[in-house]
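Written below as structure tokens is the structure these notes are about.
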Amino acid sequence: MTPGDSLANGQRSLGDPDIGYPLWPPLTSGCPRTSTDEVAYPLEVDYTYEKVDRALFTRPGQVNRGDGHDRWAPLLPPLSAPGLGEGGTPLVEIGDGVFIKDESRNPTWSHKDRLNRCTVSAAVGVGAEGIVVASSGNHGASAAAYAARAGLRCVVLGSDSMPPAVDSFLNAYGAVVLPVPQEDRWPLMRRLVDRLGLHPVSNLTVTHTGHPFGPEGYKTIAYEVFTELGVPRAVFVPTGYGELLYGVWKGFAELKRLGVAERTPRMFSCEPAAGGPLAASLRSGRLGVPIEVGPTSAYAIDCSVAGHRGVVAIRESGGQALLVSDEEMRSAQSEMARQGLWAEVSSAAALAGLRGLGGFDGPVVCVSTSSGFKDLAVGSRRSEPVEPTWEAVAAGLRKAGFPA
């Protein structure tokens, strides 16, 4: 085996871990043996763990940005699509043992690049001519970029209410962007898969399962944190469907399984208080029951239904599902900005969740998923012009607290 070889050997059901399937094709509609009309259970990728070289995690120092996913190839699905230098994002301490994992430094400015290197690789692996994704933001832009890099066509079913800046971002990579009402995106995506043979890189099911290969890319966040910091006491994650939450959890669980780490962190999901389907599922013990989502600025994580992956991550890590208000997220966003980090409101949910809990013993990592450039209100603020006289400039400085 060479360092670039994948050790992936199959797919395993999260509905029943004793049920396994071959690695190909990826089961994008969930586990066929455990799923029901009400609940779709996702698959995860399994590996020949006994062949993993532990030295993979013992290189000193920060992970090299140029490595991309290729450094971690043995513990990822086959990377058939070329990378864009995804990962290797900075871990920034903001005081009192709190670290921000800044995913805005990825190629398309969000954590979704880690996922789409793997999902587009799956499309290449099955010989698809293109991919289809339902998204009006980070996921769509990232999928379009990786499809372009791999020479594949990309169809993005966006929202009919997406702002012009997001529309431009999605079109920049040559994708076919089709804005439709949100409730129609998933039925249309299924038809595109069936009729055109496009490979789906987002969800196809009534309860979120997502692509089996996707969350594997998120494991690399755990690997990177471990190589710099060791195992933190807790990891706080902005949470929509729970794929990122699960991927980070699985990465740490693998480190323990391999004997590289002695323990795993507690995982905390951070959802908008306007919705919170994962928190509702954990309270009720029922998965797949849609909830009503109220108005929120955290559009990237305002989901109405939870995924089983998030339930697994919270339960197995001894973690907790947290709800954060828009006011708390904006406060956390401002705190991060004072440290030089501009995050999307949704991305600030992790720090908001931590601050809502109060103090925490030991190093804590908050994942910040994307750039403030992704917020819906970007570009709406205009600073007032100032007369180019000292009197006018001085007045502006005094208003801002300078002794001018």
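Identifiers in the structure tokens: chain A, B, ... in order shown; residue index from 1 per chain; ligand index from 1 in order shown.
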*Contacts of stretch 100-107 of chain A at 6 Å (only C-alpha atoms; same-chain gap of 3+ positions) as a list in words*: Glu86, Thr89, Pro90, Leu91, Val92, Ser110, His111, Val365, Cys366, Val367, Ser368, Thr369, Ser370 and Ser371 of chain A
Report the closest atom pair, with its distance in Å rounded to one decimal, for each residue of stretch 163-268 of chain A that has an atom no farther than 8 Å from stretch 298-315 of chain A; count only C-alpha atoms, sort by chain and then rising residue number, and write it as JSON lines.
{"residue": "A:Thr207", "atom": "CA", "partner": "A:Gly307", "partner_atom": "CA", "distance": 6.1}
{"residue": "A:His208", "atom": "CA", "partner": "A:Gly307", "partner_atom": "CA", "distance": 4.7}
{"residue": "A:Thr209", "atom": "CA", "partner": "A:Gly307", "partner_atom": "CA", "distance": 6.1}
{"residue": "A:Pro238", "atom": "CA", "partner": "A:Ile301", "partner_atom": "CA", "distance": 7.3}
{"residue": "A:Thr239", "atom": "CA", "partner": "A:Ile301", "partner_atom": "CA", "distance": 6.0}
{"residue": "A:Gly240", "atom": "CA", "partner": "A:Ile301", "partner_atom": "CA", "distance": 4.1}
{"residue": "A:Tyr241", "atom": "CA", "partner": "A:Gly307", "partner_atom": "CA", "distance": 5.2}
{"residue": "A:Gly242", "atom": "CA", "partner": "A:Gly310", "partner_atom": "CA", "distance": 4.4}
{"residue": "A:Glu243", "atom": "CA", "partner": "A:Arg309", "partner_atom": "CA", "distance": 6.3}
{"residue": "A:Leu245", "atom": "CA", "partner": "A:Gly310", "partner_atom": "CA", "distance": 6.2}
{"residue": "A:Tyr246", "atom": "CA", "partner": "A:Ala313", "partner_atom": "CA", "distance": 5.2}
{"residue": "A:Trp249", "atom": "CA", "partner": "A:Ala313", "partner_atom": "CA", "distance": 6.0}
{"residue": "A:Lys250", "atom": "CA", "partner": "A:Ala313", "partner_atom": "CA", "distance": 7.8}
{"residue": "A:Arg266", "atom": "CA", "partner": "A:Ile314", "partner_atom": "CA", "distance": 7.8}
{"residue": "A:Met267", "atom": "CA", "partner": "A:Ile314", "partner_atom": "CA", "distance": 5.9}
{"residue": "A:Phe268", "atom": "CA", "partner": "A:Ile314", "partner_atom": "CA", "distance": 6.9}
*From stretch 175-303 of chain A, collect each residue whose DSSP state is alpha helix (DSSP H) and return the set as a PyMOL selection string.*
chain A and resi 185-196+214-229+243-257+277-284
Write a file of the selected residues as a short mmCIF file (atom, residue, chain, number, x, y, z; two decimals), in the first residue's frame, keeping N, CA and C atoms.
data_model
loop_
_atom_site.label_atom_id
_atom_site.label_comp_id
_atom_site.auth_asym_id
_atom_site.auth_seq_id
_atom_site.Cartn_x
_atom_site.Cartn_y
_atom_site.Cartn_z
N ARG A 185 -37.25 21.49 -4.65
CA ARG A 185 -35.88 21.18 -5.04
C ARG A 185 -35.59 19.68 -4.97
N TRP A 186 -36.00 19.03 -3.89
CA TRP A 186 -35.63 17.62 -3.71
C TRP A 186 -36.40 16.70 -4.66
N PRO A 187 -37.70 16.87 -4.87
CA PRO A 187 -38.37 16.03 -5.89
C PRO A 187 -37.76 16.21 -7.28
N LEU A 188 -37.40 17.44 -7.63
CA LEU A 188 -36.78 17.67 -8.93
C LEU A 188 -35.40 17.02 -9.01
N MET A 189 -34.68 17.05 -7.92
CA MET A 189 -33.36 16.43 -7.93
C MET A 189 -33.47 14.93 -8.16
N ARG A 190 -34.44 14.29 -7.54
CA ARG A 190 -34.63 12.85 -7.76
C ARG A 190 -34.93 12.55 -9.23
N ARG A 191 -35.70 13.42 -9.88
CA ARG A 191 -36.01 13.20 -11.29
C ARG A 191 -34.76 13.39 -12.16
N LEU A 192 -33.93 14.36 -11.81
CA LEU A 192 -32.70 14.57 -12.56
C LEU A 192 -31.76 13.37 -12.43
N VAL A 193 -31.72 12.79 -11.24
CA VAL A 193 -30.90 11.59 -11.01
C VAL A 193 -31.43 10.44 -11.86
N ASP A 194 -32.75 10.25 -11.84
CA ASP A 194 -33.34 9.11 -12.55
C ASP A 194 -33.28 9.27 -14.07
N ARG A 195 -33.51 10.47 -14.58
CA ARG A 195 -33.64 10.67 -16.02
C ARG A 195 -32.30 10.96 -16.71
N LEU A 196 -31.42 11.72 -16.03
CA LEU A 196 -30.17 12.13 -16.67
C LEU A 196 -28.95 11.38 -16.16
N GLY A 214 -19.70 11.75 1.89
CA GLY A 214 -19.52 13.14 2.28
C GLY A 214 -18.95 13.40 3.66
N PRO A 215 -19.59 12.91 4.73
CA PRO A 215 -19.09 13.19 6.08
C PRO A 215 -17.69 12.64 6.33
N GLU A 216 -17.25 11.68 5.50
CA GLU A 216 -15.88 11.19 5.66
C GLU A 216 -14.88 12.33 5.48
N GLY A 217 -15.19 13.26 4.60
CA GLY A 217 -14.30 14.40 4.41
C GLY A 217 -14.20 15.28 5.63
N TYR A 218 -15.28 15.34 6.42
CA TYR A 218 -15.27 16.16 7.64
C TYR A 218 -14.40 15.56 8.74
N LYS A 219 -14.10 14.27 8.65
CA LYS A 219 -13.23 13.65 9.66
C LYS A 219 -11.88 14.35 9.73
N THR A 220 -11.45 14.92 8.61
CA THR A 220 -10.12 15.53 8.57
C THR A 220 -10.01 16.72 9.51
N ILE A 221 -11.14 17.33 9.87
CA ILE A 221 -11.11 18.40 10.88
C ILE A 221 -10.60 17.84 12.20
N ALA A 222 -11.10 16.67 12.59
CA ALA A 222 -10.64 16.03 13.83
C ALA A 222 -9.16 15.69 13.74
N TYR A 223 -8.74 15.14 12.60
CA TYR A 223 -7.33 14.79 12.44
C TYR A 223 -6.43 16.03 12.60
N GLU A 224 -6.84 17.12 11.98
CA GLU A 224 -6.03 18.34 12.04
C GLU A 224 -5.98 18.92 13.46
N VAL A 225 -7.14 18.95 14.12
CA VAL A 225 -7.17 19.44 15.51
C VAL A 225 -6.25 18.59 16.38
N PHE A 226 -6.31 17.28 16.19
CA PHE A 226 -5.50 16.39 17.01
C PHE A 226 -4.01 16.62 16.80
N THR A 227 -3.58 16.83 15.55
CA THR A 227 -2.15 17.01 15.30
C THR A 227 -1.62 18.30 15.90
N GLU A 228 -2.49 19.29 16.12
CA GLU A 228 -2.05 20.57 16.69
C GLU A 228 -2.31 20.68 18.19
N LEU A 229 -3.44 20.13 18.64
CA LEU A 229 -3.90 20.41 20.00
C LEU A 229 -4.06 19.16 20.86
N GLU A 243 -24.37 16.41 9.45
CA GLU A 243 -23.29 15.69 8.76
C GLU A 243 -21.92 16.12 9.27
N LEU A 244 -21.72 17.44 9.43
CA LEU A 244 -20.45 17.94 9.95
C LEU A 244 -20.22 17.45 11.37
N LEU A 245 -21.24 17.53 12.20
CA LEU A 245 -21.16 17.07 13.58
C LEU A 245 -20.71 15.62 13.64
N TYR A 246 -21.35 14.79 12.81
CA TYR A 246 -21.01 13.37 12.81
C TYR A 246 -19.61 13.12 12.27
N GLY A 247 -19.25 13.81 11.20
CA GLY A 247 -17.94 13.59 10.62
C GLY A 247 -16.81 13.90 11.59
N VAL A 248 -16.92 15.03 12.29
CA VAL A 248 -15.89 15.39 13.28
C VAL A 248 -15.85 14.35 14.39
N TRP A 249 -17.03 13.92 14.85
CA TRP A 249 -17.08 12.90 15.89
C TRP A 249 -16.44 11.60 15.43
N LYS A 250 -16.75 11.17 14.21
CA LYS A 250 -16.19 9.91 13.72
C LYS A 250 -14.67 10.00 13.63
N GLY A 251 -14.14 11.16 13.23
CA GLY A 251 -12.69 11.32 13.15
C GLY A 251 -12.02 11.08 14.49
N PHE A 252 -12.57 11.66 15.54
CA PHE A 252 -11.99 11.45 16.88
C PHE A 252 -12.19 10.02 17.35
N ALA A 253 -13.35 9.43 17.03
CA ALA A 253 -13.59 8.04 17.41
C ALA A 253 -12.59 7.11 16.73
N GLU A 254 -12.24 7.41 15.48
CA GLU A 254 -11.24 6.60 14.79
C GLU A 254 -9.87 6.74 15.46
N LEU A 255 -9.52 7.93 15.89
CA LEU A 255 -8.23 8.13 16.56
C LEU A 255 -8.14 7.27 17.82
N LYS A 256 -9.24 7.19 18.54
CA LYS A 256 -9.25 6.33 19.73
C LYS A 256 -9.21 4.86 19.33
N ARG A 257 -9.95 4.49 18.32
CA ARG A 257 -9.98 3.10 17.86
C ARG A 257 -8.60 2.63 17.42
N PRO A 277 -34.31 20.83 14.91
CA PRO A 277 -34.88 19.49 14.79
C PRO A 277 -34.06 18.41 15.49
N LEU A 278 -32.74 18.57 15.59
CA LEU A 278 -31.94 17.55 16.28
C LEU A 278 -32.25 17.57 17.77
N ALA A 279 -32.30 18.77 18.35
CA ALA A 279 -32.66 18.87 19.77
C ALA A 279 -34.05 18.29 20.02
N ALA A 280 -34.97 18.53 19.09
CA ALA A 280 -36.33 18.00 19.25
C ALA A 280 -36.34 16.48 19.14
N SER A 281 -35.55 15.92 18.24
CA SER A 281 -35.49 14.47 18.09
C SER A 281 -34.92 13.81 19.35
N LEU A 282 -33.89 14.41 19.91
CA LEU A 282 -33.29 13.85 21.12
C LEU A 282 -34.23 13.95 22.31
N ARG A 283 -35.00 15.02 22.39
CA ARG A 283 -35.97 15.16 23.48
C ARG A 283 -37.07 14.12 23.38
N SER A 284 -37.57 13.94 22.16
CA SER A 284 -38.74 13.07 21.96
C SER A 284 -38.37 11.61 21.73
#
_Please report the interatomic distance between atom CA of A:Pro17 and atom CA of A:Pro290 in Å with one decimal._
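Interatomic distance, atom CA of A:Pro17 to atom CA of A:Pro290: 25.4 Å.
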_Counting only C-alpha atoms, which residue out of A:Leu323, A:Val132, A:Val126, A:Leu7 sits closest to A:Trp72?_
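Of all the options, A:Leu7 lies closest to A:Trp72.
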_DSSP-assigned strand (DSSP E) members of stretch 138-183 of chain A, reported as a list in words_ =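 The strand (DSSP E) residues within stretch 138-183 of chain A come out as Arg153, Cys154, Val155, Val156, Leu157, Gly158, Ser159, Val176, Val177, Leu178, Pro179 and Val180 of chain A.
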Residues from the last selection, all heavy atoms, saved as an mmCIF file, in the first residue's frame:
data_model
loop_
_atom_site.group_PDB
_atom_site.id
_atom_site.type_symbol
_atom_site.label_atom_id
_atom_site.label_comp_id
_atom_site.auth_asym_id
_atom_site.auth_seq_id
_atom_site.Cartn_x
_atom_site.Cartn_y
_atom_site.Cartn_z
ATOM 1 N N ARG A 153 -20.121 18.174 -15.469
ATOM 2 C CA ARG A 153 -21.212 19.141 -15.454
ATOM 3 C C ARG A 153 -21.821 19.188 -14.060
ATOM 4 O O ARG A 153 -21.772 18.213 -13.309
ATOM 5 C CB ARG A 153 -22.298 18.769 -16.478
ATOM 6 C CG ARG A 153 -21.839 18.692 -17.904
ATOM 7 C CD ARG A 153 -21.342 20.042 -18.421
ATOM 8 N NE ARG A 153 -22.330 21.107 -18.291
ATOM 9 C CZ ARG A 153 -23.292 21.378 -19.170
ATOM 10 N NH1 ARG A 153 -23.417 20.615 -20.262
ATOM 11 N NH2 ARG A 153 -24.144 22.388 -18.986
ATOM 12 N N CYS A 154 -22.428 20.326 -13.742
ATOM 13 C CA CYS A 154 -23.046 20.494 -12.423
ATOM 14 C C CYS A 154 -24.354 21.242 -12.572
ATOM 15 O O CYS A 154 -24.409 22.308 -13.206
ATOM 16 C CB CYS A 154 -22.110 21.265 -11.500
ATOM 17 S SG CYS A 154 -22.815 21.635 -9.870
ATOM 18 N N VAL A 155 -25.411 20.682 -12.010
ATOM 19 C CA VAL A 155 -26.716 21.343 -11.958
ATOM 20 C C VAL A 155 -27.007 21.697 -10.502
ATOM 21 O O VAL A 155 -26.940 20.827 -9.619
ATOM 22 C CB VAL A 155 -27.835 20.435 -12.518
ATOM 23 C CG1 VAL A 155 -29.195 21.107 -12.356
ATOM 24 C CG2 VAL A 155 -27.564 20.104 -13.987
ATOM 25 N N VAL A 156 -27.306 22.973 -10.264
ATOM 26 C CA VAL A 156 -27.610 23.446 -8.919
ATOM 27 C C VAL A 156 -29.068 23.872 -8.874
ATOM 28 O O VAL A 156 -29.479 24.793 -9.585
ATOM 29 C CB VAL A 156 -26.715 24.628 -8.512
ATOM 30 C CG1 VAL A 156 -27.063 25.102 -7.102
ATOM 31 C CG2 VAL A 156 -25.242 24.253 -8.602
ATOM 32 N N LEU A 157 -29.855 23.193 -8.055
ATOM 33 C CA LEU A 157 -31.233 23.601 -7.806
ATOM 34 C C LEU A 157 -31.221 24.549 -6.620
ATOM 35 O O LEU A 157 -31.132 24.135 -5.464
ATOM 36 C CB LEU A 157 -32.112 22.382 -7.531
ATOM 37 C CG LEU A 157 -32.252 21.400 -8.704
ATOM 38 C CD1 LEU A 157 -32.976 20.144 -8.259
ATOM 39 C CD2 LEU A 157 -32.990 22.060 -9.871
ATOM 40 N N GLY A 158 -31.259 25.836 -6.933
ATOM 41 C CA GLY A 158 -31.198 26.847 -5.885
ATOM 42 C C GLY A 158 -32.578 27.299 -5.467
ATOM 43 O O GLY A 158 -33.597 26.863 -6.009
ATOM 44 N N SER A 159 -32.588 28.209 -4.516
ATOM 45 C CA SER A 159 -33.848 28.778 -4.050
ATOM 46 C C SER A 159 -34.228 29.959 -4.934
ATOM 47 O O SER A 159 -33.371 30.698 -5.412
ATOM 48 C CB SER A 159 -33.703 29.244 -2.598
ATOM 49 O OG SER A 159 -34.811 30.035 -2.225
ATOM 50 N N VAL A 176 -25.006 24.976 -14.072
ATOM 51 C CA VAL A 176 -26.358 25.317 -14.516
ATOM 52 C C VAL A 176 -27.174 25.584 -13.256
ATOM 53 O O VAL A 176 -27.432 24.664 -12.466
ATOM 54 C CB VAL A 176 -26.982 24.172 -15.332
ATOM 55 C CG1 VAL A 176 -28.412 24.517 -15.727
ATOM 56 C CG2 VAL A 176 -26.137 23.869 -16.557
ATOM 57 N N VAL A 177 -27.549 26.824 -13.044
ATOM 58 C CA VAL A 177 -28.250 27.216 -11.818
ATOM 59 C C VAL A 177 -29.728 27.407 -12.124
ATOM 60 O O VAL A 177 -30.097 28.221 -12.984
ATOM 61 C CB VAL A 177 -27.654 28.511 -11.222
ATOM 62 C CG1 VAL A 177 -28.371 28.894 -9.939
ATOM 63 C CG2 VAL A 177 -26.159 28.337 -10.975
ATOM 64 N N LEU A 178 -30.574 26.651 -11.443
ATOM 65 C CA LEU A 178 -32.015 26.675 -11.679
ATOM 66 C C LEU A 178 -32.736 27.024 -10.379
ATOM 67 O O LEU A 178 -32.977 26.154 -9.539
ATOM 68 C CB LEU A 178 -32.490 25.310 -12.185
ATOM 69 C CG LEU A 178 -31.792 24.777 -13.455
ATOM 70 C CD1 LEU A 178 -32.233 23.344 -13.736
ATOM 71 C CD2 LEU A 178 -32.085 25.675 -14.642
ATOM 72 N N PRO A 179 -33.074 28.296 -10.165
ATOM 73 C CA PRO A 179 -33.797 28.668 -8.949
ATOM 74 C C PRO A 179 -35.249 28.197 -9.007
ATOM 75 O O PRO A 179 -35.968 28.479 -9.962
ATOM 76 C CB PRO A 179 -33.724 30.204 -8.948
ATOM 77 C CG PRO A 179 -32.634 30.549 -9.924
ATOM 78 C CD PRO A 179 -32.673 29.469 -10.955
ATOM 79 N N VAL A 180 -35.660 27.463 -7.987
ATOM 80 C CA VAL A 180 -37.022 26.942 -7.899
ATOM 81 C C VAL A 180 -37.497 27.100 -6.455
ATOM 82 O O VAL A 180 -36.688 27.301 -5.546
ATOM 83 C CB VAL A 180 -37.080 25.447 -8.302
ATOM 84 C CG1 VAL A 180 -36.674 25.263 -9.760
ATOM 85 C CG2 VAL A 180 -36.195 24.596 -7.398
#
Please, which residues in stretch 246-291 of chain A fall within 9 Å of stretch 24-48 of chain A when counting only C-alpha atoms, and what is the closest atom pair and distance in Å to one decimal for each, ordered by chain then residue number, as a tab-separated table?
residue	atom	partner	partner_atom	distance
A:Leu287	CA	A:Val39	CA	6.8
A:Gly288	CA	A:Val39	CA	5.7
A:Val289	CA	A:Glu38	CA	8.3
*Could you jot down the atom CA of A:Glu183 to atom CA of A:Trp109 separation for me, Å, one decimal place?*
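Going from atom CA of A:Glu183 over to atom CA of A:Trp109 covers 26.6 Å.
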*Expressed in Å to a single decimal, how great is the separation between atom CA of A:Pro74 and atom CA of A:Asp5?*
5.5 Å
*Name all residues at most 12 Å from A:Val378 (count only C-alpha atoms; drop same-chain ones fewer than 2 positions away) and give them as a list in words.*
Pro163, Pro164, Ala165, Val166, Ser297, Trp342, Ala343, Glu344, Val345, Ser371, Gly372, Phe373, Lys374, Asp375, Leu376, Ser380, Arg381 and Arg382 of chain A
Keeping C-alpha atoms, export the residues of the selection given above as a PDB file, in the first residue's frame.
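In the end it all went to out-v9.pdb:
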ATOM      1  CA  PRO A 163     -29.652  36.913  -3.255  1.00  0.00           C
ATOM      2  CA  PRO A 164     -27.752  38.063  -6.380  1.00  0.00           C
ATOM      3  CA  ALA A 165     -24.348  37.611  -4.728  1.00  0.00           C
ATOM      4  CA  VAL A 166     -25.058  33.931  -4.069  1.00  0.00           C
ATOM      5  CA  SER A 297     -30.667  34.928   9.992  1.00  0.00           C
ATOM      6  CA  TRP A 342     -15.327  37.389  10.099  1.00  0.00           C
ATOM      7  CA  ALA A 343     -17.815  34.533  10.198  1.00  0.00           C
ATOM      8  CA  GLU A 344     -21.236  34.008   8.707  1.00  0.00           C
ATOM      9  CA  VAL A 345     -24.013  34.268  11.325  1.00  0.00           C
ATOM     10  CA  SER A 371     -17.028  33.406   5.765  1.00  0.00           C
ATOM     11  CA  GLY A 372     -19.085  36.450   6.623  1.00  0.00           C
ATOM     12  CA  PHE A 373     -19.228  37.115   2.883  1.00  0.00           C
ATOM     13  CA  LYS A 374     -21.901  34.386   2.763  1.00  0.00           C
ATOM     14  CA  ASP A 375     -24.458  36.246   4.886  1.00  0.00           C
ATOM     15  CA  LEU A 376     -27.633  37.305   3.110  1.00  0.00           C
ATOM     16  CA  SER A 380     -26.655  46.153   2.169  1.00  0.00           C
ATOM     17  CA  ARG A 381     -24.658  48.397   4.496  1.00  0.00           C
ATOM     18  CA  ARG A 382     -23.157  51.593   3.105  1.00  0.00           C
TER      19      ARG A 382
END
*Closest of A:Asp96, A:Asp160, A:Glu271, A:Glu129 to A:Gly359 - atom-to-atom distances counting only C-alpha atoms*: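 Counting only C-alpha atoms, the residue closest to A:Gly359 is A:Asp96.
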